[in-house]
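Raw contents of entry-v3.cif, mmCIF, C-alpha atoms and all ligand atoms:
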data_input
loop_
_atom_site.label_atom_id
_atom_site.label_comp_id
_atom_site.auth_asym_id
_atom_site.auth_seq_id
_atom_site.Cartn_x
_atom_site.Cartn_y
_atom_site.Cartn_z
CA MET A 25 -1.15 -25.05 9.45
CA SER A 26 -1.65 -23.66 5.93
CA LYS A 27 0.65 -23.57 2.92
CA ILE A 28 1.08 -19.92 1.97
CA THR A 29 3.13 -18.43 -0.83
CA VAL A 30 4.30 -14.84 -0.61
CA LEU A 31 4.93 -13.23 -3.99
CA GLY A 32 7.39 -10.33 -3.74
CA ALA A 33 10.53 -10.32 -1.61
CA GLY A 34 10.71 -6.59 -0.88
CA SER A 35 10.38 -5.11 2.61
CA TRP A 36 6.69 -5.85 3.07
CA GLY A 37 6.65 -9.33 1.53
CA THR A 38 9.60 -10.32 3.73
CA ALA A 39 8.04 -8.93 6.93
CA LEU A 40 4.67 -10.60 6.26
CA ALA A 41 6.39 -13.91 5.48
CA LEU A 42 7.98 -13.67 8.90
CA VAL A 43 4.58 -13.14 10.59
CA LEU A 44 3.22 -16.22 8.79
CA CYS A 45 6.26 -18.30 9.80
CA ASP A 46 5.80 -17.19 13.42
CA ASN A 47 2.24 -18.55 13.11
CA GLN A 48 3.67 -21.98 12.14
CA HIS A 49 2.45 -21.90 8.54
CA GLN A 50 4.41 -23.52 5.76
CA VAL A 51 5.66 -20.42 3.94
CA THR A 52 7.46 -19.88 0.65
CA LEU A 53 8.85 -16.46 -0.24
CA TRP A 54 9.09 -16.07 -4.02
CA THR A 55 11.45 -13.60 -5.64
CA HIS A 56 11.66 -12.97 -9.38
CA ASN A 57 15.36 -12.31 -8.95
CA SER A 58 17.59 -15.41 -8.82
CA GLU A 59 20.56 -13.44 -7.44
CA GLN A 60 18.37 -12.28 -4.56
CA LYS A 61 17.27 -15.87 -3.96
CA LEU A 62 20.91 -16.93 -3.50
CA GLN A 63 21.61 -13.96 -1.21
CA LEU A 64 18.55 -14.71 0.97
CA GLU A 65 19.47 -18.40 1.22
CA LYS A 66 23.10 -17.66 2.05
CA ASP A 67 22.65 -14.85 4.62
CA ARG A 68 19.08 -15.60 5.87
CA VAL A 69 18.59 -11.80 5.93
CA ASN A 70 17.03 -9.58 3.25
CA ASN A 71 20.02 -7.23 3.11
CA LYS A 72 18.54 -4.87 0.54
CA TYR A 73 14.95 -4.53 1.72
CA LEU A 74 14.80 -5.52 5.41
CA PRO A 75 18.31 -5.41 6.85
CA GLY A 76 18.92 -6.59 10.42
CA VAL A 77 15.98 -9.01 10.55
CA SER A 78 16.80 -12.73 10.59
CA LEU A 79 14.64 -14.93 8.40
CA PRO A 80 13.18 -17.95 10.23
CA ASN A 81 14.80 -21.28 9.31
CA SER A 82 11.40 -22.60 8.30
CA LEU A 83 11.02 -19.98 5.52
CA HIS A 84 11.50 -21.55 2.11
CA ILE A 85 12.94 -19.21 -0.57
CA SER A 86 12.25 -19.81 -4.24
CA ASP A 87 12.65 -18.14 -7.62
CA ASN A 88 10.41 -20.70 -9.32
CA LEU A 89 6.84 -19.39 -9.45
CA ASN A 90 5.33 -22.64 -10.66
CA GLN A 91 6.78 -24.69 -7.77
CA SER A 92 6.05 -21.90 -5.27
CA VAL A 93 2.31 -21.77 -5.85
CA ASP A 94 1.81 -25.51 -6.33
CA GLU A 95 -0.73 -26.73 -3.71
CA ALA A 96 -0.79 -23.32 -1.97
CA ASP A 97 -3.84 -22.70 0.26
CA ALA A 98 -3.36 -18.97 -0.14
CA ILE A 99 -1.21 -16.62 -2.19
CA LEU A 100 -0.10 -13.30 -0.68
CA LEU A 101 0.58 -10.83 -3.46
CA VAL A 102 2.85 -8.02 -2.30
CA VAL A 103 4.72 -6.59 -5.27
CA PRO A 104 4.61 -2.90 -6.25
CA THR A 105 1.44 -1.87 -8.12
CA LYS A 106 3.31 -1.54 -11.39
CA ALA A 107 4.28 -5.25 -11.20
CA ILE A 108 0.82 -6.61 -10.27
CA ARG A 109 -0.34 -7.30 -13.82
CA ASN A 110 2.92 -8.95 -14.83
CA VAL A 111 2.88 -11.32 -11.84
CA CYS A 112 -0.82 -12.08 -12.32
CA LYS A 113 -0.27 -12.89 -16.01
CA GLN A 114 2.32 -15.47 -14.91
CA LEU A 115 -0.13 -16.83 -12.31
CA ASN A 116 -2.85 -17.03 -14.93
CA ALA A 117 -0.73 -19.49 -16.88
CA ILE A 118 -0.24 -21.84 -13.92
CA LEU A 119 -3.04 -21.65 -11.32
CA ASP A 120 -5.24 -24.71 -11.75
CA LYS A 121 -7.74 -24.32 -8.88
CA PRO A 122 -9.71 -21.58 -7.10
CA THR A 123 -7.18 -19.97 -4.75
CA LEU A 124 -7.47 -17.44 -1.96
CA ILE A 125 -5.55 -14.37 -3.10
CA ILE A 126 -4.62 -11.90 -0.37
CA HIS A 127 -2.97 -8.69 -1.49
CA ALA A 128 -1.07 -6.19 0.63
CA SER A 129 0.02 -3.69 -2.01
CA LYS A 130 -1.12 -0.07 -1.98
CA GLY A 131 -1.74 1.83 -5.18
CA ILE A 132 -4.01 2.85 -8.06
CA GLU A 133 -3.10 2.21 -11.68
CA PRO A 134 -2.61 5.31 -13.86
CA ASP A 135 -4.85 5.57 -16.95
CA THR A 136 -7.24 2.75 -15.93
CA HIS A 137 -7.67 4.15 -12.38
CA LEU A 138 -8.22 0.61 -11.14
CA ARG A 139 -7.65 -0.61 -7.61
CA ILE A 140 -5.39 -3.61 -7.14
CA SER A 141 -8.18 -6.16 -6.60
CA GLU A 142 -9.75 -4.91 -9.86
CA MET A 143 -6.45 -5.37 -11.71
CA ILE A 144 -6.11 -8.90 -10.31
CA ARG A 145 -9.64 -9.74 -11.48
CA GLU A 146 -8.77 -8.51 -14.97
CA GLU A 147 -5.68 -10.73 -15.19
CA LEU A 148 -6.87 -13.99 -13.55
CA ASP A 149 -9.73 -16.21 -14.66
CA GLU A 150 -12.74 -16.34 -12.38
CA SER A 151 -12.10 -20.07 -11.91
CA GLN A 152 -8.67 -19.30 -10.41
CA ILE A 153 -10.01 -16.99 -7.69
CA LYS A 154 -11.58 -18.28 -4.48
CA ASP A 155 -11.65 -14.71 -3.22
CA ILE A 156 -9.47 -11.61 -3.11
CA VAL A 157 -8.84 -10.14 0.33
CA VAL A 158 -7.03 -6.85 0.90
CA LEU A 159 -4.73 -6.52 3.90
CA SER A 160 -4.00 -2.89 4.77
CA GLY A 161 -3.31 -0.60 7.70
CA PRO A 162 -0.57 1.27 9.56
CA SER A 163 2.27 -1.23 9.25
CA HIS A 164 5.85 -0.43 8.40
CA ALA A 165 7.85 -3.52 7.55
CA GLU A 166 10.78 -2.36 9.68
CA GLU A 167 8.64 -2.47 12.87
CA VAL A 168 6.83 -5.70 12.00
CA GLY A 169 10.32 -7.16 11.45
CA LEU A 170 11.08 -6.26 15.09
CA ARG A 171 7.76 -7.82 16.12
CA HIS A 172 6.47 -4.53 17.49
CA PRO A 173 2.68 -4.33 18.04
CA THR A 174 0.92 -3.67 14.73
CA THR A 175 -2.74 -3.61 13.67
CA VAL A 176 -4.23 -3.98 10.18
CA THR A 177 -7.55 -4.66 8.46
CA ALA A 178 -8.45 -7.63 6.24
CA ALA A 179 -11.27 -6.66 3.88
CA SER A 180 -13.49 -8.78 1.70
CA GLU A 181 -17.14 -8.71 0.76
CA ILE A 182 -17.16 -12.38 1.78
CA LYS A 183 -17.00 -12.36 5.58
CA ASP A 184 -15.63 -15.93 5.79
CA THR A 185 -12.52 -15.25 3.76
CA ALA A 186 -11.79 -12.02 5.65
CA LYS A 187 -12.05 -14.13 8.82
CA THR A 188 -9.78 -16.83 7.37
CA THR A 189 -7.21 -14.14 6.56
CA GLN A 190 -7.54 -12.72 10.08
CA GLU A 191 -6.84 -16.18 11.51
CA LEU A 192 -3.82 -16.76 9.24
CA PHE A 193 -2.07 -13.56 10.32
CA MET A 194 -3.21 -12.87 13.93
CA ASN A 195 -0.65 -13.29 16.70
CA SER A 196 0.57 -11.53 19.83
CA TYR A 197 2.21 -8.67 17.93
CA PHE A 198 0.06 -8.63 14.75
CA ARG A 199 -3.63 -7.90 15.33
CA VAL A 200 -6.03 -8.12 12.39
CA TYR A 201 -9.55 -6.66 12.18
CA THR A 202 -12.05 -7.57 9.46
CA SER A 203 -14.08 -5.31 7.19
CA THR A 204 -16.41 -5.74 4.24
CA ASP A 205 -15.48 -2.37 2.69
CA VAL A 206 -12.97 -3.47 0.05
CA ILE A 207 -13.24 -0.20 -1.88
CA GLY A 208 -12.63 1.93 1.22
CA VAL A 209 -9.77 -0.17 2.56
CA GLU A 210 -7.98 -0.28 -0.80
CA LEU A 211 -8.48 3.43 -1.47
CA GLY A 212 -7.39 4.40 2.07
CA GLY A 213 -4.12 2.49 1.67
CA ALA A 214 -3.43 3.91 -1.79
CA LEU A 215 -4.41 7.53 -1.27
CA LYS A 216 -2.61 8.10 2.03
CA ASN A 217 0.64 7.73 0.10
CA ILE A 218 -0.12 10.94 -1.82
CA ILE A 219 -0.68 12.86 1.41
CA ALA A 220 2.50 11.33 2.90
CA LEU A 221 4.42 12.77 -0.05
CA GLY A 222 2.85 16.11 0.92
CA ALA A 223 3.89 15.69 4.57
CA GLY A 224 7.43 14.94 3.43
CA ILE A 225 7.45 17.98 1.14
CA SER A 226 6.23 20.14 4.03
CA ASP A 227 8.99 18.78 6.29
CA GLY A 228 11.53 19.28 3.49
CA LEU A 229 10.47 22.94 3.47
CA GLU A 230 10.82 22.93 7.28
CA TYR A 231 7.25 24.17 7.74
CA GLY A 232 6.84 22.35 11.08
CA ASP A 233 3.99 20.63 12.87
CA ASN A 234 1.03 22.94 12.17
CA ALA A 235 1.43 22.47 8.43
CA LYS A 236 1.76 18.71 8.77
CA ALA A 237 -1.35 18.43 10.96
CA ALA A 238 -3.22 20.50 8.38
CA LEU A 239 -2.09 18.20 5.57
CA ILE A 240 -3.11 15.08 7.47
CA THR A 241 -6.53 16.49 8.35
CA ARG A 242 -7.39 18.09 5.02
CA GLY A 243 -5.78 15.13 3.27
CA LEU A 244 -8.20 12.83 5.09
CA ALA A 245 -11.10 15.04 3.94
CA GLU A 246 -9.82 14.79 0.35
CA ILE A 247 -9.36 11.01 0.52
CA THR A 248 -12.83 10.55 2.02
CA ARG A 249 -14.39 12.82 -0.61
CA LEU A 250 -13.00 10.84 -3.54
CA ALA A 251 -13.47 7.41 -1.98
CA THR A 252 -17.08 8.06 -1.00
CA ASN A 253 -17.78 9.12 -4.58
CA LEU A 254 -16.40 5.76 -5.65
CA GLY A 255 -18.64 3.79 -3.27
CA ALA A 256 -16.55 3.52 -0.08
CA ASN A 257 -18.07 3.77 3.38
CA PRO A 258 -16.89 7.11 4.89
CA LEU A 259 -16.62 5.43 8.32
CA THR A 260 -13.75 3.28 6.99
CA PHE A 261 -11.61 6.43 7.03
CA ILE A 262 -11.76 6.77 10.80
CA GLY A 263 -10.31 3.24 10.92
CA LEU A 264 -6.88 1.67 10.56
CA SER A 265 -6.76 1.73 6.78
CA GLY A 266 -7.87 5.39 6.79
CA VAL A 267 -6.62 7.78 9.42
CA GLY A 268 -4.44 5.05 11.01
CA ASP A 269 -2.32 4.51 7.92
CA LEU A 270 -2.36 8.22 7.11
CA ILE A 271 -0.86 9.08 10.49
CA VAL A 272 1.91 6.48 10.33
CA THR A 273 2.90 7.26 6.76
CA CYS A 274 2.94 11.03 7.28
CA THR A 275 4.95 10.89 10.50
CA SER A 276 7.32 7.93 10.30
CA VAL A 277 10.92 8.10 9.15
CA HIS A 278 10.38 4.56 7.83
CA SER A 279 7.92 5.82 5.23
CA ARG A 280 9.24 5.65 1.69
CA ASN A 281 6.59 8.14 0.59
CA TRP A 282 7.43 10.63 3.34
CA ARG A 283 11.13 10.27 2.46
CA ALA A 284 10.41 10.81 -1.24
CA GLY A 285 8.34 13.91 -0.40
CA ASN A 286 11.11 15.21 1.83
CA LEU A 287 13.54 15.02 -1.11
CA PHE A 288 11.06 16.85 -3.38
CA GLY A 289 10.70 19.49 -0.65
CA LYS A 290 14.47 19.92 -0.59
CA GLY A 291 14.44 20.59 -4.34
CA MET A 292 15.11 17.23 -6.05
CA ASN A 293 13.23 16.26 -9.20
CA ILE A 294 11.44 12.95 -9.82
CA ASP A 295 14.46 11.17 -11.38
CA GLU A 296 16.76 12.22 -8.53
CA VAL A 297 14.19 11.19 -5.90
CA GLU A 298 13.62 7.71 -7.39
CA GLU A 299 17.38 7.15 -7.77
CA GLU A 300 18.06 8.23 -4.16
CA LEU A 301 15.22 6.15 -2.65
CA GLY A 302 16.03 2.72 -4.16
CA MET A 303 12.64 1.37 -2.97
CA VAL A 304 9.12 1.88 -4.22
CA ALA A 305 7.27 5.09 -3.22
CA GLU A 306 3.83 4.14 -4.53
CA GLY A 307 2.46 7.65 -3.98
CA ILE A 308 4.25 8.95 -7.07
CA ARG A 309 2.34 6.75 -9.53
CA THR A 310 -0.83 6.97 -7.47
CA THR A 311 -0.67 10.78 -7.59
CA LYS A 312 -0.76 10.54 -11.38
CA ALA A 313 -3.68 8.09 -11.32
CA VAL A 314 -5.74 10.02 -8.76
CA PHE A 315 -5.10 13.39 -10.42
CA GLN A 316 -6.52 11.95 -13.67
CA LEU A 317 -9.43 10.27 -11.89
CA ALA A 318 -10.42 13.32 -9.80
CA ASN A 319 -10.47 15.49 -12.95
CA LYS A 320 -12.50 12.86 -14.78
CA ILE A 321 -15.21 12.53 -12.15
CA ASN A 322 -14.99 16.14 -11.05
CA VAL A 323 -14.00 15.69 -7.39
CA LYS A 324 -12.05 18.52 -5.75
CA MET A 325 -8.60 17.33 -4.58
CA PRO A 326 -6.46 20.47 -4.20
CA ILE A 327 -3.65 18.79 -2.23
CA THR A 328 -3.30 15.98 -4.76
CA GLN A 329 -3.39 18.54 -7.57
CA GLY A 330 -0.61 20.54 -5.91
CA ILE A 331 1.57 17.48 -5.34
CA HIS A 332 1.00 16.44 -8.96
CA THR A 333 2.29 19.85 -10.09
CA ILE A 334 5.43 19.50 -7.96
CA ILE A 335 6.22 15.97 -9.14
CA PHE A 336 5.25 16.09 -12.80
CA ASP A 337 5.53 19.81 -13.71
CA ASP A 338 8.60 20.60 -11.58
CA GLU A 339 6.70 23.40 -9.82
CA GLU A 340 8.43 24.94 -6.80
CA PRO A 341 6.95 23.39 -3.61
CA LYS A 342 6.75 26.81 -1.88
CA LYS A 343 4.60 28.20 -4.70
CA VAL A 344 2.22 25.25 -4.41
CA VAL A 345 1.79 25.76 -0.65
CA ASP A 346 1.17 29.43 -1.31
CA TYR A 347 -1.54 28.53 -3.82
CA LEU A 348 -3.18 26.08 -1.38
CA MET A 349 -3.27 28.66 1.41
CA LYS A 350 -4.74 31.40 -0.78
CA ARG A 351 -7.61 29.41 -2.30
CA ALA A 352 -11.11 30.81 -1.89
CA PRO A 353 -12.27 30.58 1.75
CA THR A 354 -14.58 27.64 2.45
CA ASN A 355 -16.51 25.89 5.23
CA GLU A 356 -14.59 23.02 6.82
CA MET A 357 -17.32 20.38 7.12
CA ASP A 358 -19.77 21.07 4.29
CA ASP A 359 -19.02 18.19 1.96
CA ILE A 360 -18.11 15.76 4.75
CA SER A 361 -21.39 16.18 6.61
CA GLU A 362 -23.25 15.79 3.31
CA MET A 363 -21.38 12.52 2.62
CA LEU A 364 -22.12 11.18 6.09
CA ARG A 365 -25.78 12.19 5.84
CA THR A 366 -26.23 10.43 2.50
CA ARG A 367 -24.38 7.33 3.60
CA LEU A 368 -25.96 6.93 7.03
CA SER A 369 -29.43 7.33 5.58
CA ASP A 370 -28.76 4.45 3.08
N1 LIG A 401 7.31 -1.53 3.02
C1 LIG A 401 6.27 -1.42 3.83
O1 LIG A 401 6.42 -1.20 5.04
C2 LIG A 401 4.90 -1.59 3.29
C3 LIG A 401 4.65 -1.69 1.94
N2 LIG A 401 3.39 -1.86 1.48
C4 LIG A 401 3.11 -2.01 0.07
O2 LIG A 401 3.65 -3.24 -0.39
C5 LIG A 401 3.99 -3.16 -1.78
C6 LIG A 401 5.43 -3.62 -1.94
O3 LIG A 401 6.21 -2.66 -1.25
P1 LIG A 401 7.63 -2.95 -0.62
O4 LIG A 401 7.76 -4.35 -0.19
O5 LIG A 401 7.86 -1.86 0.36
O6 LIG A 401 8.53 -2.70 -1.89
P2 LIG A 401 10.12 -2.81 -2.01
O7 LIG A 401 10.56 -1.65 -2.85
O8 LIG A 401 10.72 -2.99 -0.67
O9 LIG A 401 10.31 -4.17 -2.82
C7 LIG A 401 9.66 -4.42 -4.03
C8 LIG A 401 9.91 -5.88 -4.36
O10 LIG A 401 9.11 -6.24 -5.49
C9 LIG A 401 9.97 -6.86 -6.44
N3 LIG A 401 9.48 -6.68 -7.79
C10 LIG A 401 9.53 -5.58 -8.58
N4 LIG A 401 9.00 -5.85 -9.79
C11 LIG A 401 8.64 -7.16 -9.77
C12 LIG A 401 8.06 -8.03 -10.71
N5 LIG A 401 7.70 -7.62 -11.94
N6 LIG A 401 7.86 -9.33 -10.36
C13 LIG A 401 8.19 -9.76 -9.14
N7 LIG A 401 8.73 -9.00 -8.19
C14 LIG A 401 8.95 -7.69 -8.51
C15 LIG A 401 11.30 -6.15 -6.23
O11 LIG A 401 12.34 -6.92 -6.83
P3 LIG A 401 13.70 -6.22 -7.37
O12 LIG A 401 14.55 -5.98 -6.18
O13 LIG A 401 14.25 -7.22 -8.32
O14 LIG A 401 13.29 -4.93 -8.06
C16 LIG A 401 11.35 -6.15 -4.72
O15 LIG A 401 11.73 -7.40 -4.22
C17 LIG A 401 3.77 -1.70 -2.17
O16 LIG A 401 2.54 -1.58 -2.83
C18 LIG A 401 3.74 -0.96 -0.83
O17 LIG A 401 2.94 0.20 -0.87
C19 LIG A 401 2.31 -1.94 2.34
C20 LIG A 401 2.51 -1.84 3.69
C21 LIG A 401 3.81 -1.67 4.28
O1 LIG A 402 1.95 1.56 3.82
C1 LIG A 402 2.88 1.71 4.58
C2 LIG A 402 2.72 1.74 6.05
O2 LIG A 402 1.46 1.33 6.43
C3 LIG A 402 4.22 1.92 4.03
O3 LIG A 402 4.32 3.23 3.62
P1 LIG A 402 5.56 3.65 2.74
O4 LIG A 402 5.45 2.92 1.43
O5 LIG A 402 5.46 5.12 2.60
O6 LIG A 402 6.80 3.23 3.49
#

What's the structure tokens form of this structure?
Ligand SMILES: NC(=O)C1=CN([C@@H]2O[C@H](COP(=O)(O)OP(=O)(O)OC[C@H]3O[C@@H](n4cnc5c(N)ncnc54)[C@H](OP(=O)(O)O)[C@@H]3O)[C@@H](O)[C@H]2O)C=CC1
Ligand SMILES: O=C(CO)COP(=O)(O)O
Amino acid sequence: MSKITVLGAGSWGTALALVLCDNQHQVTLWTHNSEQKLQLEKDRVNNKYLPGVSLPNSLHISDNLNQSVDEADAILLVVPTKAIRNVCKQLNAILDKPTLIIHASKGIEPDTHLRISEMIREELDESQIKDIVVLSGPSHAEEVGLRHPTTVTAASEIKDTAKTTQELFMNSYFRVYTSTDVIGVELGGALKNIIALGAGISDGLEYGDNAKAALITRGLAEITRLATNLGANPLTFIGLSGVGDLIVTCTSVHSRNWRAGNLFGKGMNIDEVEEELGMVAEGIRTTKAVFQLANKINVKMPITQGIHTIIFDDEEPKKVVDYLMKRAPTNEMDDISEMLRTRLSD
């Protein structure tokens, strides 16, 4: 049994805390919101973020970060990307030993274009980090809350800590694979949210299944193109954190990013979409970050560019689809086969 502290009491933090409780660990769920702490303790259900799922009696709820992380064997960081630095700055002031940090958030920071593990490394001292493991894959909190079969990947360059993470989370309904491709697993989880916005926009326009399959497939090509340029292994994208997460996020009604896209497709603007959603759709910020990054390093990402125009320039979704369809004709596999050739000959 390990002592594990989950930082972030949204949908995903709550669902993962439940998995860890089912595995008989000693688990604390930390919320920064003292009203939410009282509500969770009183009702033993996360009414706002994971309604209908009972919290195990063994789950300890806290709004005191210092007490929560004291003596923790591992910290699971699962707040939205925009809150990562703030939470890590607080951790920096209190962590007094090398700690295993597992993160399950999915995003890229605008302007710096950093992945989450890179942001964590900037905010914590080296002496506070035993390792950083990323946990990612097709996993909606709502279904994990029902204990439906789910599979994810735990990635670290250090095989032992990826294995430790696998052992902490594995059970009969939650299967964990390991990987050493941290860059690929983090980028897969972050970038699929952009394409899920696109799938939602397409559904909002009522374009049907052909268009969505096209977005998923060409979206995967676009994700692989950027990620390989940044050092990821292209094979990661045929795995759970690549195509697996892309499929679930583009097709599930649980997806916050698909729902946000659907609202854009029906004509709402960014303020209206964020107000209506009430939960984080990471793809919005990540679209901004990836649009900047792709321009900077000169990688072609036409779908991301189109979604950026809809979200941040209020362009009509139909016009963007029209533009995407009428681009210069091209060969489907050119750049992908080149990437695979280069990588496999390494
Ligand atoms: N939901 C899912 O199924 C999955 C989500 N993820 C990823 O997990 C991450 C979290 O998403 P999710 O749980 O869905 O988000 P939610 O919108 O459900 O919840 C976000 C939580 O983070 C809290 N929070 C916001 N800012 C801070 C802060 N500065 N300090 C501490 N806590 C803060 C919010 O508190 P408050 O209510 O006070 O704002 C809320 O409890 C995202 O990166 C997402 O992509 C990954 C896989 C699955
Ligand atoms: O990452 C997720 C599923 O794997 C959650 O996606 P959404 O944030 O779009 O709900």

- Task: Would you mind listing what lies within 8 Å of segment 104-106 of chain A as a list in words, with only C-alpha atoms counted and same-chain residues fewer than 2 positions away left out?
- Result: Val102, Ile108, Arg109, Ser129, Lys130, Gly131, Ile132, Glu133, Ile140, Val304 and Glu306 of chain A

Can I get the residues of chain A within 8 Å of ligand LIG 402 (chain A), each with the closest pair of atoms and their distance in Å to one decimal, using only C-alpha atoms and all ligand atoms, sorted chain first then ascending number, as CSV?
residue,atom,partner,partner_atom,distance
A:Lys130,CA,A:LIG402,O1,6.8
A:Ser160,CA,A:LIG402,O2,7.1
A:Gly161,CA,A:LIG402,O2,5.3
A:Pro162,CA,A:LIG402,O2,3.7
A:Ser163,CA,A:LIG402,O2,3.9
A:His164,CA,A:LIG402,C2,4.5
A:Ala165,CA,A:LIG402,C3,7.4
A:Gly213,CA,A:LIG402,O1,6.5
A:Asn217,CA,A:LIG402,O5,6.0
A:Ala220,CA,A:LIG402,O5,6.9
A:Asp269,CA,A:LIG402,O2,5.2
A:Leu270,CA,A:LIG402,O2,7.9
A:Val272,CA,A:LIG402,C2,6.4
A:Thr273,CA,A:LIG402,O3,5.3
A:Cys274,CA,A:LIG402,O5,7.9
A:His278,CA,A:LIG402,O6,5.8
A:Ser279,CA,A:LIG402,O6,3.3
A:Arg280,CA,A:LIG402,O6,3.9
A:Asn281,CA,A:LIG402,O5,3.8
A:Trp282,CA,A:LIG402,O5,5.9
A:Arg283,CA,A:LIG402,O5,7.7
A:Val304,CA,A:LIG402,O4,6.8
A:Ala305,CA,A:LIG402,O4,5.4
A:Glu306,CA,A:LIG402,O4,6.3
A:Gly307,CA,A:LIG402,O5,7.7

- Message: As an exercise, work out the distance from atom CA of Tyr201 of chain A to atom C20 of ligand LIG 401 (chain A) in Å and give it to one decimal place.
- Response: 15.5 Å

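Between atom P3 of ligand LIG 401 (chain A) and atom CA of Val69 of chain A lies a distance of 15.2 Å.
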
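Minimum atom-to-atom distance to Asn70 of chain A, evaluated using all atoms listed in the file, belongs to A:Ala33 out of A:Leu192, A:Val43, A:Ile126, A:Ala33.
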
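The shortest atom-to-atom distance to ligand LIG 401 (chain A), with only C-alpha atoms and all ligand atoms taken into account, belongs to A:Leu53 out of A:Ala318, A:Leu239, A:Met325, A:Leu53.
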
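Closest approach to ligand LIG 401 (chain A) among A:Val344, A:Ala128, A:Ile308, A:Ala352 is made by A:Ala128 (distances from only C-alpha atoms and all ligand atoms).
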
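Taking atom CA of Thr175 of chain A as the reference point, atom CA of Val206 of chain A is found at 17.0 Å.
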
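Across A:Trp36, A:Gly266, A:Ser26, A:Asn71, the tightest approach to Ile240 of chain A is made by A:Gly266 when counting only C-alpha atoms.
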
- Go ahead and find all residues with at least one atom no further than 12 Å from (13.7, 20.3, 5.9) in the file's coordinates, using all atoms listed in the file; report them as a list in words. Ala223, Gly224, Ile225, Ser226, Asp227, Gly228, Leu229, Glu230, Tyr231, Gly232, Asp233, Trp282, Arg283, Gly285, Asn286, Leu287, Phe288, Gly289, Lys290 and Gly291 of chain A

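Closest approach to Asn319 of chain A from the set A:Asp338, A:Ser361, A:His137, A:Asp295 is made by A:His137, with distances taken over all atoms listed in the file.
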
- Task: Would you list the contacts of Pro326 of chain A as a list in words, taking every protein, DNA or RNA residue within 10 Å and counting all atoms listed in the file, but skipping same-chain residues closer than 3 positions in sequence?
- Result: Arg242, Gly243, Glu246, Phe315, Ala318, Val323, Gln329, Gly330, Ile331, His332, Val344, Tyr347, Leu348 and Arg351 of chain A

Skip Ser82 of chain A itself and residues of its chain fewer than 3 positions away, then list as a short mmCIF file (atom, residue, chain, number, x, y, z; two decimals) with C-alpha atoms, in the frame of the given file all residues within 8 Å of it, counting all atoms listed in the file.
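Output below, filename result.cif:
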data_model
loop_
_atom_site.label_atom_id
_atom_site.label_comp_id
_atom_site.auth_asym_id
_atom_site.auth_seq_id
_atom_site.Cartn_x
_atom_site.Cartn_y
_atom_site.Cartn_z
CA CYS A 45 6.26 -18.30 9.80
CA GLN A 50 4.41 -23.52 5.76
CA VAL A 51 5.66 -20.42 3.94
#

- Task: Give me the residues within 12 Å of Gln63 of chain A as a ChimeraX atom specification, counting only C-alpha atoms and dropping any in the same chain fewer than 5 places off.
- Result: /A:33,55,57-58,68-73,79,85-87

Quick one: what's the axis-aligned box for segment 89-105 of chain A, all listed atoms, 4 Å on every side, centre and edges in Å to one decimal, as lines of an AutoDock Vina configuration file?
center_x = 1.5
center_y = -14.3
center_z = -5.2
size_x = 18.7
size_y = 32.9
size_z = 18.9

- Which of these, A:Ala117, A:Val200, A:Ile321, A:Ile334, has the shortest distance to Asn90 of chain A once you count only C-alpha atoms? A:Ala117
